[in-house]
Structures are given as C-alpha cells and as structure tokens.
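**Student:** Structure below; questions to follow.
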Amino acid sequence: MNTIDRRSALRRLAAGAGAALGPAAFSGFAHAAASSRASAGGPKRIIFFLQNQGFDPSTCIPAGMKNSGSLAGVKLPEPIAALEPYKERLHILNGLHGLHTSPSHSAFFGALGGYRGGDGVPPGGATIDYELSRVLPETLLPHLCIGMDSMENMNAKPTVANLSASGAGQPIFMHSNPNHLYEMLYGGISEGEIRRQHEARSGLFDRMEALAAAKGTSLPTTDRQRYGQYVAGFHQINGLRERLAGVSDHLRQFAPVVDARYTAPEFETDWHDALLDLGISALKSGITSVLTIGSGRGEIFGAWKGLGIQEQGHNLGHMPQPDNPIWIKIRQYNSRMLVKLMEQLESVPEGSGTMMDHTLIVYTSNNADQQHTSGATWPVMLLGNCGGVFKTGRFTQFDGKRPINALYATLLRSAGVTVDRFNMSEKLAAKFDSSTGPLNEILA
Amino acid sequence: MRLVPFVAIMAALFPAGSPLRAEETFTPGQRVEGDFDGLAKGFLEKHCLECHDDLTTEGDLNLLDLGPVDETNAAVWKSVWAQVALREMPPEKKPQPGVVARLRFADWIVGELQRALADKGGFHAHLDPKKANFVDHDLLFGELPEGIVLKPTSSPARLWRLTPQEHITRLNELINTEPPYDPARPGLRAHGDTVPTNHGGELKLYFGTDNILRWEGGTVAYATAVKSVPVVLSSARKHGFENYPDFYSVNSAEATQILGKAEDILQYMAYGPLSLVGVPEQITDDPKTYDKVKPKGDLRGLPTAIVYSPKFLRPATPLLDLMREDAVLTDEALRTSVAYLFEALAFRPPTAAESDDYLTLVKDSITKVGRKDGVFMGLSAIFLDRDALFRPELAETGEPDAHGRVMLQDWELGLAVNHALRYLKPDPGLRAAIVEGRMRTREDVEREVRRLLADDAIRKPRVLQFFRDYFDHDLGGYICKDNRALAETGVPIRGDAHYLAMFDAAASTDRLIEIILEKDRDVLRELLTTRQVVATETDKVYFGRKHTAEEKKAALATKALADAAAKEKEDAALAAMQEEVAALEAKVKENPADRATGKALDWKKKAFEAEKKKIEQERRRRRDDVGVEVALADLSGSPEFARVSRPSFGAGSMKPERVLATVPAGERFGLLTHPSWLVSHSDAMDNHAIHRGIWIRERLLGGGIPDVPITVDAQLPAEPQNTLRERMRVTREKYCWTCHEKMDPLGLPFEIYNHAGLYRTTELDQPVDGSGEIIGSGDPELDGPVKDAIEMIEKLAESERVEQVFVRHAFRFWMGHNEGLHDGPVLQAAHRAYRDSGGSMKALITSLVTSDAFLYRTVER
C-alpha cells in the first residue's frame with residue numbers, strides 16, 4: 001500500500017480537487033492506491049451489525065426450510081420481512097458455532113474476535129472488523145464503531161468498548177452520543193454550538209501538538225522515533241480534523257441534518273436512528289470502510305421504548321424470541337435499518353454500479369442464538385454479493401462443526417488476505433473446526 | 001532468498017578456533033567498526049563455510065552468497081547473530097572462535113542490522129528483554145578474558161513510557177480515596193497499591209463505587225450500570241518482561257481516548273457522583289426517597305438503578321472550588337488547578353512556562369466554549385502532557401564526565417528512585433529532598449531508598465510487579481480452557497468459576513510473595529521452595545490431588561452411599577414436616593375460627609418450603625461435589641488477605657479473605673508448583689511443557705533459546721490416547737532437538753500436575769512420569785537427570801548461578817534495559833549485596849538503585 005502517495009493525494013483532494021469529485025470517486029481514489037486486489041472483486045466496505053440478546057434462527061429461517069437451498073419462492077419470516085425485496089442479495093447462515101467463545105450473556109469481544117469473551121474479560125486479540133479495516137481500501141477513518149443503548153446509558157457512558165479491539169487488551173470504543181460523533185465528523189462544516197466546540201477542540205489539539213513537539217526537540221536520537229510516534233498521534237488527530245475540514249464541500253453532501261432527534265430525543269431510538277444516519281454518511285462520503293453497529297452495545301441490556309416496548313434490559317433476553325411481539329418489533333427495526341443501509345448505499349454510484357455492489361453487511365448477534373446459549377449455532381445474515389464474490393439468495397445450514405472464525409477467515413480472504421484461519425490455533429482448530437480455509441458455501 | 005531451517009544452519013559455521021591475540025581488544029557496547037569484507041567475510045570463511053557453501057549446505061543453508069547485511073538478508077543475519085551470541089554455533093565438537101572474536105562479530109551484526117533497517121522500522125531485537133540472556137553469563141559473573149576492556153557503565157538518556165498499571169493508578173488517585181495501610185491486616189489493598197484487575201481480568205478505572213448504597217439486579221447488572229473505563233495505554237499480555245523505555249509510545253487512538261476520559265475524570269473531581277446520575281435524587285442517604293421519583297420499569301443495568309451516598313468520599317482537589325457556581329475564575333484559581341493536576345499527572349510541579357502554557361490553553365477554551373466546558377476541555381490537555389505519559393531521564397543539566405555520562409539529579413533522580421518502587425507521586429519526604437537539593441548524590445539515593453523500603457505503609461507495587469514479570473504467575477485467568485479438557489482436571493467448570501479462581505490465585509500468590517518479602521531472608525530460595533500457600537476455599541481443589549481411577553471409583557461408591565443416606569434423612573424430614581402441615585390443616589378445617597392454629601399452619605408451611613429449598617440447594621451442591629474427582633487439600637491456617645479489585649461486580653466482586661496454610665510435602669514445593677504458575681504456563685487443553693521449560697531455562701539458568709525457525713510447523717500430534725510426553729516425541733527429531741533439549745526436559749518434570757495445577761500420580765490411568773533432566777546449564781553441578789519437578793527445584797534453589805540469573809532479571813527490570821558486559825561489576829556487586837545480606841531483596845534493590853547504571857545517563861552533547 002502506498003500510503004505516502006495516498007496521503008499526498010488526500011492533501012490535493014483537501015486542497016480543492018475533491019470538490020469536483022463524487023463520492024464514488026473519492027472512495028475509489030483511496031481504493032486505487034490501496035490494493036490491486038480490488039480490481040478482482042471483493043468488498044470495499046463491510047458493515048457489522050450485532051444485535052444483543054441472541055438471534056434465534058427460527059426468526060430468520062423461512063418456515064419449513066430445514067436444508068440449504070434457494071430463498072426464491074419462500075417467504076421470509078415476519079421479523080425480517082422487510083428484507084423480502086432484497087432476498088436475492090441475502091444469504092442466511094445457520095449452524096456455524098461459537099462454542100469456544102463463551103457467548104452466554106454475550107461473548108463481548110469474543111463475538112467478533114472468535115475467542116473466549118465475557119463480562120470483564122479483556123479482548124484476547126484483534127477483532128475481525130478491525131483487521132478488515134486494515135486491509136480494505138484505506139479511508140480517512142478506516143473503522144467507525146457506533147453503539148445503541150438506553151438513553152440513560154448512552155448519556156452516562158457515551159463511549160464504551162465491548163465488541164471491537166485492535167489487539168489483545170486493546171479495546172476500540174464505540175460512539176453512542178450522536179452529538180459528539182457529529183462534531184467529530186462534521187464539526188468543520190457545522191454552525192453554532194457544534195462549530196464552536198469543534199473549533200475549540202481543534203485549537204486545543206493544535207496547541208497540544210505544538211507543546212508535545214517542543215518537548216521533543218532535545219531528545220536522544222534513540223528516542224526520537226518513538227517520541228515521534230506520540231507527536232504524530234496528535235498530528236493524526238489534527239490531520240483527520242483538517243482532512244475532514246479540507247473535504248468539507250464533499251462531506252456537506254452527506255452530513256445528516258442535526259434536528260431534534262439529536263438535541264431533544266424523545267426516545268432512545270431517536271439517537272439510534274441518528275447514529276445510523278451518521279454511520280451511513282461516513283460510508284457514503286468515503287470516510288469509513290468498516291462500520292460496526294452494536295445494538296445493545298454488546299451487553300445484555302438495552303432499550304427500545306421508541307418502538308413501544310416498555311420492557312428493557314436483561315428480561316428481554318430471557319424471553320423466547322419466536323412469535324414474541326417484542327422481539328418481532330426489535331428485529332423488524334433492525335431489518336428496517338438494514339434496508340436503509342442498502343438503499344442509501346445503492347443511491348451512490350460507484351464504478352459501473354453503486355456502493356452497495358461493493359458492500360457486505362454482516363448481521364448477527366454477540367450472543368449467538370439466544371442470551372443463555374452454548375453457542376452451538378450462531379445465525380448470521382449476509383447482505384450483498386460484492387461483485388459476485390459471495391453467493392446470495394440462499395439459506396445455508398452448516399453442520400455445527402465450523403466456527404464463526406471460519407466466516408471471519410472467509411471475509412479476510414474476500415478482502416485479499418490469504419489466511420486459512422482467524423484467531424484460532426491449529427490446536428484449538430483440531431477441536432473446534434472440522435475443516436480449514438474459507439467457507440466455500442458462501443463464496444461464489 | 002530461500003527460507004531455511006535454522007537449527008542446522010550453523011552446523012558448520014565455525015570450524016576453526018581462533019585463540020585471542022594479545023593485541024586484540026574489545027570494548028563491549030562500542031560500535032564495531034568495519035565492513036563486510038573487512039570484518040565479517042573472513043569470519044564466515046574461517047568458521048562457517050565449511051558446512052554452509054555450495055558443496056555442503058548443512059541445514060539447507062548456503063552462506064556463500066550471504067553478503068553484507070541488507071534489508072533482504074536481515075532475517076538470516078539475525079539468526080546468525082542469535083546462534084553466535086548464544087554460542088550455539090559452531091557446534092560443541094567443532095573448534096570454537098575466541099571470546100573476543102565471537103563478541104566482536106555478534107556486535108558487528110547488531111550494528112549492521114540497525115544500519116540496514118534504520119528506515120525500515122529499525123532493528124530492536126537486542127533490546128528485547130527476552131534476548132538479554134544472549135550475553136554470556138560466565139563473562140558477566142566470572143573472570144573476563146584478556147582483551148576485553150570495560151567502560152564505566154551507565155544507562156542511555158531516555159523516556160520511559162508509563163505502564164498501564166502506573167497510568168491507571170495515577171488516574172485513580174484523582175477520583176478515588178483508597179484506605180490507608182493497615183499493619184494489622186497488611187494484605188489488604190491500601191493507598192499506594194496498584195489498581196488491580198477486575199473479576200474478569202480487565203484493568204479498569206471505576207467511578208464512584210465507594211458511594212454506591214444500592215443498585216438493582218444482580219452482578220452483571222451492577223457491572224453494566226456502574227461507570228468504568230478500561231485502561232488506555234497499551235501493553236502486550238505475554239510472558240516475561242516488558243521494555244517500556246524502548247518499545248512503547250502513545251498512539252493517536254490512545255491520545256484521543258485519554259482526552260475523552262480526562263473530561264470524565266475532571267467532571268467527577270468537580271461534581272462527584274452528580275456527574276454520573278440522571279437526577280440529583282439518586283444521591284441520598286435514604287434510598288427510599290429516590291424510589292418516589294425514580295423512572296418506572298426495569299432499571300437493571302442502567303445508571304438510574306444506582307443510589308449514591310452524598311458523603312464526600314472522593315479526594316478533595318482544587319477542581320471542587322474552581323467549579324463551584326459562585327467561584328470567580330481568576331488566573332490564580334486556574335493556575336492552582338493547573339499546578340495541582342500537573343503534579344498529580346506528571347509527578348512534578350510545572351515549570352513557569354508550562355504553567356503559562358496551560359493557563360493560556362484553559363483561558364482560550366473558556367473564551368471559545370464557555371466557563372464550564374472550557375475549564376474541562378482546557379485542563380484535559382494536561383493529561384496528554386509528555387511527562388504525564390512518559391518519564392524523562394534526559395540529564396539535560398550537569399556536565400558529562402570523561403565517558404560522556406551525566407548523573408541524574410533533582411526531579412529526574414527523585415522520580416527515578418520513586419519509580420523504582422512506587423506508582424504514586426513522591427511521598428512528602430522524597431519531595432522535600434528533591435526540592436531542597438538533597439537528591440544529587442549516590443548517598444542521597446541510598447538514604448531515600450532505605451527509608452522507603454523500611455516503611456511498609458509506603459506501598460511499593462513496583463517490587464511486586466517485578467515478581468509478576470519474573471514468575472508470570474498472573475496469566476492463568478487469561479488462558480482460555482476447553483471446557484471438556486478442564487472438566488477432566490477435576491476442577492469446577494460452572495460459568496466462569498475457573499477463571500475467577502485463577503484471578504484469585506494470582507492475587508494469592510502475590511500475597512505469598514509479599515509475606516516472603518516481609519521476612520526478607522533468602523527470598524529467591526524461599527519463593528522456590530516454600531510449602532506455605534495463601535489460599536481461598538476453592539484452592540482446596542486446586543491444591544488438591546487428582547484421584548486415581550480406583551480412588552474415584554471408591555469415592556463414587558462412598559458418595560452414593562452418603563447421598564442415599566442423606567436423601568433418606570431429607571425425605572424423612574420433609575415427610576415429617578408435611579405430616580405436621582397436614583395435621584394443622586385438618587385442625588383448621590375442623591375449626592376455622594382457631595386463629596392460633598391458622599398462624600401455626602402458615603408458619604409451618606413457610607418452614608416446609610424453606611426446608612425444601614434448602615434441601616434442593618444441598619442436592620445441587622452434592623451433584624457438584626468435587627470430592628469424587630479430587631482429594632481436597634487441607635488448607636487450614638491463619639487468616640490472610642489478598643489485594644483484590646475495587647467493587648467491580650457488586651456482590652460478586654473478588655473477596656480478599658484468604659488463609660496462610662501449609663501444603664503437604666512431596667506434592668508442592670514453591671511457587672512453580674502452584675496452580676497460578678502452572679496454569680499460566682498451560683494451554684487450552686493441556687500442560688505446556690515447552691513454556692515451562694523455557695521459563696526454567698531463561699529465568700533460572702540464564703540460557704537463551706533462538707527464535708523458532710519459521711519453517712517449523714510447531715504442532716504436536718492430536719492423540720488424546722497419549723500423554724503429552726508421548727506426543728512430544730516429535731520434538732526429538734534431530735532438526736528440533738537442538739533447541740528442544742534446552743526446554744522439554746526442564747518442562748516435563750511438571751507433568752506431576754495436570755493443566756489446572758492439581759497434583760496427580762496417574763495420567764491416563766498409568767503412573768505419571770515426571771522425569772526430566774537439566775542439560776547444559778552452565779553449572780556442571782546442576783546437570784543431570786531429575787525424578788520430578790520437586791527434585792529439580794530442590795537442586796536449582798541451591799544454585800549460585802540461579803541466584804545470579806535472578807539478579808540479572810532484577811537488573812533488567814530496575815534499569816529498564818538489558819545488561820551488557822560493562823554492567824558486570826554492577827551485577828556482581830548486586831549479587832554480593834544479596835548474598836552478604838542473607839538473601840535480602842531490599843539489599844539487592846538498594847545495590848542496583850545506587851549503582852552507576854541507575855544513576856548515570858549517557859548523553860549526546
């Protein structure tokens with residue numbers, strides 16, 4: 001990857017060239033410099049959507065469908081009925097397992113890491129979303145995580161880290177306050193209070209970078225490189241803000257409108273919607289290539305009062321999901337979000353098609369199939385074929401002998417990384433994986 | 001270039017010995033001048049090519065065309081360096097190069113690798129603590145051969161990045177008040193101890209837990225509702241020592257997160273629990289008053305589920321006054337807060353320029369976003385000051401001596417001494433010494449170190465961290481176990497029971513180390529041989545003995561009888577109670593107006609239900625009875641306490657209560673036979689004899705093992721019907737054994753324990769084989785076969801060499817760099833201090849911290 005060339009190009013873009021470029025060109029530009037792999041197909045961006053409390057397979061597998069087969073001619077269950085028009089790009093997977101991830105009450109980082117997780121258990125390694133953000137075409141903010149929870153929790157803890165990690169013991173935080181996220185992404189093109197906060201923070205970072213640099217002038221040679229990384233960290237933070245500001249004309253097309261949902265939300269779902277809008281805008285504008293959405297933020301609580309669901313928190317997980325009006329509402333809400341993601345990405349031209357043609361959505365749960373689970377089956381829905389790389393319009397029933405790690409290895413393969421396993425030693429694989437390499441059942 | 005197996009690479013590197021020439025002198029640590037043609041080519045021709053050329057490509061390696069060090073052949077040169085430095089090559093039977101020739105060649109390779117990779121991320125392997133044993137032990141502690149000239153030692157001027165533990169302890173000081181040291185219960189966590197990991201092993205900063213009066217829901221609901229943030233500064237979780245002065249920096253993601261958390265911390269400093277709640281009514285002495293206004297519905301897992309006490313329990317800081325509604329924001333008030341925060345985070349007062357800078361920053365922020373947000377935003381910058389994240393040892397003042405060394409002084413020296421022992425800022429005594437100009441000499445350092453070491457109330461978590469890094473006994477909770485394999489060990493596997501037991505075990509071992517340090521006699525030998533253990537109730541299993549098949553059968557039969565007897569008794573009790581209920585019911589039916597009987601019936605029914613519940617619980621407990629699998633250890637003893645976490649999991653938080661017990665002779669012998677150490681050196685399904693062997697080789701014998709050649713497929717066969725020892729036959733292949741003979745025979749003696757750390761006499765129903773051998777230790781007295789781990793440890797604990805290797809590790813930890821030959825005098829003095837004091841850790845630390853290596857910095861002027 002030619003980072004230097006890409007950076008120079010971004011600077012040029014920031015200097016004005018971007019004004020003439022459409023979003024696809026913007027994203028594709030980074031893409032062109034990033035990897036020759038992309039020309040051979042595969043995703044340019046991936047979205048992970050994890051609903052907490054489990055994903056009961058009977059709420060997504062069409063009635064009567066016991067074996068793998070085409071979705072044509074069958075009706076999707078009520079909770080995911082909104083995806084009916086998109087069936088031809090849907091692949092429902094059942095029978096992958098996460099026995100080794102301890103998913104009861106949430107596998108936390110283990111859900112995307114494919115290793116043992118649990119409450120209070122720090123990440124044991126990098127998660128798949130982070131790893132993909134490193135290999136997909138580089139963008140200004142390669143990995144964005146958003147987390148949806150009850151209003152109280154999002155206010156009290158606007159950032160938490162439960163699902164994504166850049167390495168062992170290195171959690172990645174997800175954003176839950178849309179006002180803060182908006183300021184970070186679009187402060188440079190805002191007005192009023194957001195603009196003031198943004199400018200103040202930018203000024204602060206500038207000054208801190210100067211202070212840090214000043215304290216590094218007389219360091220021993222051996223420390224300069226290491227200290228340089230620290231100063232460069234400020235530069236990167238400032239650089240992101242500057243680069244975002246530099247492509248403000250471009251971003252302006254995509255920035256959501258800050259309305260009452262942000263500043264005076266009636267329900268937590270107002271913020272959920274706003275966060276989704278921000279995530280979509282980050283993808284459409286080419287800022288981000290990997291978006292991780294944690295509905296319930298990877299924990300065993302969460303609230304959806306805006307859907308008319310008065311129950312909240314842990315009890316939601318104790319309810320059986322099939323035919324449960326509460327869970328039908330939550331899953332339908334998720335499905336509408338998935339549809340919105342697809343529609344929005346479809347509205348943006350990219351190459352000879354649209355952004356959605358180069359996007360994969362991975363929908364699942366951080367709890368496998370239910371809240372109290374062994375992880376014997378871990379249902380997943382994939383949306384998008386990424387230029388024909390993935391099989392779609394299908395339901396695939398696995399035999400319960402391949403782990404979710406195999407799915408993640410497959411995603412890495414689709415992104416051009418030659419791996420046979422993801423976060424699984426041969427020793428563990430001998431016990432938890434009946435095969436090696438990608439899931440051929442999902443690759444076209 | 002082909003990738004080649006390396007074990008055989010060097011088989012014929014050095015065919016001919018080269019005795020030292022009198023004129024050949026060598027000063028370790030100085031750059032070896034010379035190019036490939038002038039220095040290396042001749043060496044390779046003379047010592048290597050006999051076996052590694054076109055004709056004889058031993059190990060599939062041809063060094064004929066290796067050429068000068070460059071980017072493409074760096075990996076091969078790195079392996080050559082390792083083999084030469086470790087004296088692995090030439091093979092023992094071949095003539096050896098002279099000491100100076102070998103040292104010169106090895107150092108030249110390092111210099112060339114640094115040059116060749118300078119703009120490719122650099123070459124740092126020689127700085128890795130795992131490579132420190134590449135320096136020949138006998139040259140450090142024995143007589144130096146003629147021709148080696150040592151220069152007076154020092155450490156490089158440098159920046160140490162803070163460790164995650166140091167950083168979170170600093171932040172914790174701003175928002176939590178920790179209890180003072182209690183000499184009556186010295187094991188309890190006290191002010192100055194590190195912030196420990198939580199119930200799941202995560203290092204987190206907790207907000208307001210001391211004020212929590214009530215919450216709703218169970219343990220997980222508590223953990224979700226309470227505010228906590230994970231540590232931000234990164235470190236690898238791996239075996240062994242870290243090198244913070246060379247390998248760690250702060251990246252942009254960390255900086256961003258620190259800044260975000262800084263504002264949370266500042267708000268808590270100013271407003272306390274008020275910054276955590278949705279409505280002020282959550283802060284009350286009487287939780288019932290909150291019940292009247294609290295939101296409806298299920299609040300479990302929500303911040304609104306918590307009621308906080310209004311008591312002022314957090315540290316009183318200038319932020320409190322600064323952020324009062326009626327406070328006037330004068331420059332002086334802002335400056336006071338800047339100074340307070342700066343010293344709390346950087347451990348020294350700000351200079352006038354720093355004070356001005358941050359004052360300006362805060363005022364600018366206030367101008368832009370208003371008073372409240374501006375103060376928090378502006379002050380948050382201090383959390384990212386260089387000296388809040390790194391500790392500088394730049395020795396910028398003072399004249400270099402003839403060797404380019406400058407002695408640290410004042411704040412730099414004071415903070416270096418402080419950092420050697422503590423995570424908190426200098427105590428008043430040390431601070432006074434610094435500001436009064438009494439931290440400038442070796443004697444000043446000795447005075448302060450002795451004072452700090454003598455006072456138990458001044459907590460010294462860095463000393464404990466050294467032992468964690470040395471023993472690696474704190475990793476057991478992070479080893480992900482296969483449930484079925486774990487169940488076979490005999491330990492309970494319900495939920496996270498095993499992982500909790502391991503985090504508890506790490507804390508228990510910590511406490512045992514401290515108890516041995518309190519006595520401060522023969523510290524290493526005691527650690528290696530003590531039969532004392534600090535234990536929880538659960539440890540009766542972990543320190544127990546796994547039953548043999550016959551014992552299990554007998555235990556099952558006994559249990560079946562006992563269960564049947566108990567069931568009979570319980571059924572009889574229930575039946576009797578049921579009869580009494582029936583009798584009372586009949587009476588009530590006969591005479592419904594008899595209120596006394598009605599009351600008695602209600603009472604009896606309740607008692608019956610309670611008894612039923614109790615019996616059900618008892619039956620569940622019997623189902624889990626580990627006595628069938630394990631002969632439980634008798635762990636009775638005096639009460640003890642271990643330093644466990646802040647309330648992280650509500651009622652389910654780790655408990656400090658322990659006992660100090662003695663385990664049976666013949667089963668356990670020192671820390672290396674404790675479950676905490678054994679599980680830390682195990683894997684998902686079995687023991688890890690290789691890791692254990694590496695530990696003994698590196699930490700006790702001072703040996704080094706080259707990196708695994710990338711051509712090695714390091715897998716043992718999956719043969720559940722065979723023991724680990726049998727499956728490890730693959731490492732006896734000629735290609736592997738050269739390295740594995742240094743590890744396997746040292747790790748296999750621990751096969752007398754299973755992978756949960758239980759003692760066992762059989763494995764797969766056959767008598768367990770704990771035999772092993774000490775090979776090539778460097779001390780002929782030590783070498784030879786051993787019956788099991790206990791016999792091996794007995795031998796090792798008596799070895800002077802082992803003691804010296806321990807001193808080497810202490811040097812690395814306290815100096816922050818690997819020892820070089822010029823550090824030999826420091827190491828020898830430290831070892832003498834340890835020996836002469838009867839094995840005192842305090843004497844060892846004092847010797848190291850008053851040495852030139854600690855006091856002097858090499859500077860570039």
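By order of appearance in the structure tokens: chains A, B, ..., then residues from 1 within every chain, and ligands from 1 in the order shown.
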Using only C-alpha atoms, which chain B residues lie at most 8 Å away from chain A, written as number ranges by chain?
**Tutor:** B: 157-159, 198-202, 220, 224-225, 227, 229-230, 232, 234-237, 246-253, 255-256, 276-278, 297-304, 361, 365, 368-369, 377-378, 381, 384-386, 394, 480, 482, 684, 715, 718, 859-860
**Student:** I'd like the contact shell of Met815 (chain B) - 12 Å cut-off, only C-alpha atoms, skipping same-chain residues fewer than 4 positions apart - returned as an MDAnalysis selection string.
**Tutor:** chainID B and resid 129 153:158 160 242:246 393 416:417 419:420 466 807:811 819:820 823 826:827 845 847:857
**Student:** Please produce an output containing N, CA and C atoms for each residue in the selection, written as a compact mmCIF listing (two decimals), in the first residue's frame.
**Tutor:**
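Produced file result-v6.txt, reproduced below:
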```
# COMPACT_ATOMS: atom_id res chain seq x y z
N PRO B 129 13.86 -7.77 26.23
CA PRO B 129 14.33 -8.47 27.43
C PRO B 129 14.47 -9.98 27.23
N THR B 153 29.95 2.03 33.44
CA THR B 153 28.60 1.83 32.89
C THR B 153 27.68 3.01 33.15
N SER B 154 26.61 3.01 32.42
CA SER B 154 25.54 4.00 32.59
C SER B 154 24.35 3.48 31.78
N SER B 155 23.24 4.16 31.88
CA SER B 155 22.08 3.84 31.03
C SER B 155 21.91 4.95 30.03
N PRO B 156 21.25 4.67 28.91
CA PRO B 156 21.05 5.76 27.95
C PRO B 156 20.06 6.80 28.47
N ALA B 157 20.27 8.06 28.09
CA ALA B 157 19.25 9.08 28.35
C ALA B 157 18.01 8.66 27.57
N ARG B 158 16.84 8.83 28.16
CA ARG B 158 15.66 8.22 27.53
C ARG B 158 14.36 8.70 28.14
N TRP B 160 10.83 6.93 29.53
CA TRP B 160 10.11 5.69 29.82
C TRP B 160 8.62 5.97 29.62
N GLU B 242 8.77 -6.50 30.05
CA GLU B 242 8.48 -5.52 29.01
C GLU B 242 9.62 -4.50 28.98
N ASN B 243 9.73 -3.82 27.86
CA ASN B 243 10.73 -2.77 27.77
C ASN B 243 10.01 -1.46 27.45
N TYR B 244 9.59 -0.76 28.50
CA TYR B 244 8.85 0.48 28.28
C TYR B 244 9.72 1.64 27.80
N PRO B 245 10.99 1.68 28.17
CA PRO B 245 11.79 2.79 27.66
C PRO B 245 12.10 2.67 26.16
N ASP B 246 11.98 1.51 25.58
CA ASP B 246 12.35 1.38 24.17
C ASP B 246 11.21 0.99 23.25
N GLU B 393 14.27 10.86 31.50
CA GLU B 393 15.58 10.76 32.16
C GLU B 393 16.58 11.31 31.15
N ALA B 416 13.13 8.97 39.37
CA ALA B 416 13.67 7.65 39.01
C ALA B 416 13.64 6.73 40.24
N VAL B 417 14.04 7.29 41.39
CA VAL B 417 14.01 6.50 42.63
C VAL B 417 12.56 6.15 42.98
N HIS B 419 10.05 5.90 40.99
CA HIS B 419 9.52 4.94 40.02
C HIS B 419 10.07 3.53 40.26
N ALA B 420 11.22 3.46 40.87
CA ALA B 420 11.78 2.14 41.14
C ALA B 420 10.89 1.35 42.08
N PHE B 466 7.69 -6.62 39.66
CA PHE B 466 8.89 -7.35 39.22
C PHE B 466 8.66 -8.85 39.34
N VAL B 807 19.38 -12.11 39.79
CA VAL B 807 19.91 -10.74 39.88
C VAL B 807 19.92 -10.08 38.49
N ARG B 808 20.24 -10.85 37.47
CA ARG B 808 20.22 -10.30 36.10
C ARG B 808 18.82 -9.80 35.75
N HIS B 809 17.82 -10.58 36.12
CA HIS B 809 16.45 -10.16 35.81
C HIS B 809 16.07 -8.91 36.60
N ALA B 810 16.52 -8.86 37.85
CA ALA B 810 16.23 -7.66 38.65
C ALA B 810 16.90 -6.44 38.01
N PHE B 811 18.10 -6.63 37.50
CA PHE B 811 18.80 -5.53 36.82
C PHE B 811 17.95 -5.01 35.66
N GLU B 819 21.18 -6.06 30.29
CA GLU B 819 22.54 -5.91 30.78
C GLU B 819 23.55 -6.15 29.65
N GLY B 820 24.61 -5.37 29.70
CA GLY B 820 25.73 -5.61 28.80
C GLY B 820 26.94 -6.03 29.62
N ASP B 823 28.09 -3.97 32.40
CA ASP B 823 27.29 -3.95 33.63
C ASP B 823 27.71 -5.06 34.59
N VAL B 826 28.32 -4.09 38.19
CA VAL B 826 27.07 -3.75 38.89
C VAL B 826 26.35 -5.02 39.30
N LEU B 827 26.31 -5.98 38.39
CA LEU B 827 25.63 -7.24 38.69
C LEU B 827 26.34 -8.00 39.80
N ILE B 845 17.85 -4.52 45.83
CA ILE B 845 17.30 -3.33 45.18
C ILE B 845 18.18 -2.11 45.50
N SER B 847 21.28 -1.98 46.19
CA SER B 847 22.53 -2.04 45.44
C SER B 847 22.32 -1.62 43.98
N LEU B 848 21.26 -2.12 43.39
CA LEU B 848 21.01 -1.78 41.98
C LEU B 848 20.70 -0.30 41.82
N VAL B 849 19.88 0.23 42.71
CA VAL B 849 19.40 1.60 42.53
C VAL B 849 20.47 2.63 42.90
N THR B 850 21.50 2.20 43.57
CA THR B 850 22.60 3.13 43.85
C THR B 850 23.80 2.87 42.93
N SER B 851 23.59 2.06 41.91
CA SER B 851 24.70 1.74 41.00
C SER B 851 24.84 2.81 39.92
N ASP B 852 25.98 2.80 39.27
CA ASP B 852 26.19 3.75 38.17
C ASP B 852 25.16 3.56 37.07
N ALA B 853 24.78 2.30 36.84
CA ALA B 853 23.82 2.04 35.76
C ALA B 853 22.50 2.73 36.03
N PHE B 854 22.15 2.88 37.29
CA PHE B 854 20.90 3.56 37.63
C PHE B 854 21.08 5.07 37.68
N LEU B 855 22.22 5.51 38.15
CA LEU B 855 22.39 6.93 38.42
C LEU B 855 22.83 7.74 37.21
N TYR B 856 23.61 7.13 36.35
CA TYR B 856 24.21 7.89 35.25
C TYR B 856 23.48 7.65 33.93
N ARG B 857 23.46 8.70 33.12
CA ARG B 857 22.90 8.59 31.78
C ARG B 857 23.95 9.02 30.76
```
**Student:** Taking the DSSP assignment computed from this structure's backbone, write out as number ranges by chain all residues of region 227-279 of chain B that belong to alpha helix (DSSP H).
**Tutor:** B: 244-247, 252-271
**Student:** To one decimal place in Å, what is the distance between CA of Thr219 (chain B) and CA of Ile615 (chain B)?
**Tutor:**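 Atom-to-atom, CA of Thr219 (chain B) and CA of Ile615 (chain B) are spaced 25.0 Å apart.
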**Student:** So which residues touch Leu136 (chain A) within 6 Å, counting only C-alpha atoms, skipping near sequence neighbours fewer than 3 positions away, as a ChimeraX atom specification?
**Tutor:** /A:44,132-133
**Student:** Between CA of Ile793 (chain B) and CA of Asp683 (chain B), what distance in Å does the model show, to one decimal?
**Tutor:** 22.3 Å
**Student:** Quote the spacing between CA of Gly627 (chain B) and CA of Glu791 (chain B) in Å to one decimal place.
**Tutor:**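 One can read the CA of Gly627 (chain B) to CA of Glu791 (chain B) distance as 28.5 Å.
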**Student:** Quick one: everything within 10 Å of Leu453 (chain B), counting only C-alpha atoms, minus sequence neighbours fewer than 4 positions away in the same chain. Send it as a ChimeraX atom specification.
**Tutor:** /B:421,448-449,457-460,841-843,845-846
**Student:** So that I can see what lies close to Lys75 (chain A), please list as a list in words the residues with an atom at most 10 Å from it, counting only C-alpha atoms and leaving out residues fewer than 5 positions away in the same chain.
**Tutor:**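 Everything that qualifies: Ile61, Pro62, Ala63, Ile80, Ala81, Glu84 and Lys87 of chain A.
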**Student:** Write the residues of the preceding selection, restricted to C-alpha atoms, as a CSV table (one decimal), in the first residue's frame.
**Tutor:**
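And here is the file that came out, out_35.csv:
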```csv
chain,number,residue,atom,x,y,z
A,61,ILE,CA,-35.1,-19.1,8.5
A,62,PRO,CA,-38.2,-19.4,6.3
A,63,ALA,CA,-40.7,-21.7,7.8
A,80,ILE,CA,-37.2,-9.9,8.8
A,81,ALA,CA,-40.0,-9.4,6.3
A,84,GLU,CA,-38.2,-9.7,1.3
A,87,LYS,CA,-33.9,-11.6,-0.8
```
**Student:** Give me the residues within 10 Å of Glu726 (chain B) as a compact mmCIF listing (two decimals) with C-alpha atoms, in the first residue's frame, counting only C-alpha atoms and dropping any in the same chain fewer than 4 places off.
**Tutor:**
```
# COMPACT_ATOMS: atom_id res chain seq x y z
CA LEU B 716 2.13 -31.76 18.49
CA PRO B 717 0.02 -34.61 17.16
CA GLU B 719 -3.62 -38.05 20.12
CA GLN B 721 -4.97 -41.53 23.94
CA ASN B 722 -1.36 -40.47 24.50
CA VAL B 730 8.07 -35.14 17.58
```
**Student:** Using DSSP assignments from the backbone, pull out every residue in region 2-231 of chain A that falls under strand (DSSP E) and give it to me as a ChimeraX atom specification.
**Tutor:** /A:45-51,69-70,90-97,143-148,159-167,170-175
**Student:** Which residues are near Asn94 (chain A)? Cut-off 7 Å, only C-alpha atoms, ignore same chain within fewer than 6 positions. Put them as an MDAnalysis selection string.
**Tutor:** chainID A and resid 57 377:380 396:398
**Student:** Grab the residues selected above and save them as a tab-separated table (two decimals), in the first residue's frame with C-alpha atoms.
**Tutor:**
```
chain	number	residue	atom	x	y	z
A	57	PRO	CA	-32.59	-18.98	13.93
A	377	THR	CA	-25.33	-22.44	16.48
A	378	TRP	CA	-24.65	-18.86	15.55
A	379	PRO	CA	-27.05	-17.50	12.94
A	380	VAL	CA	-25.75	-14.86	10.55
A	396	THR	CA	-27.17	-22.49	4.15
A	397	GLN	CA	-27.38	-24.89	7.02
A	398	PHE	CA	-23.93	-25.84	8.34
```
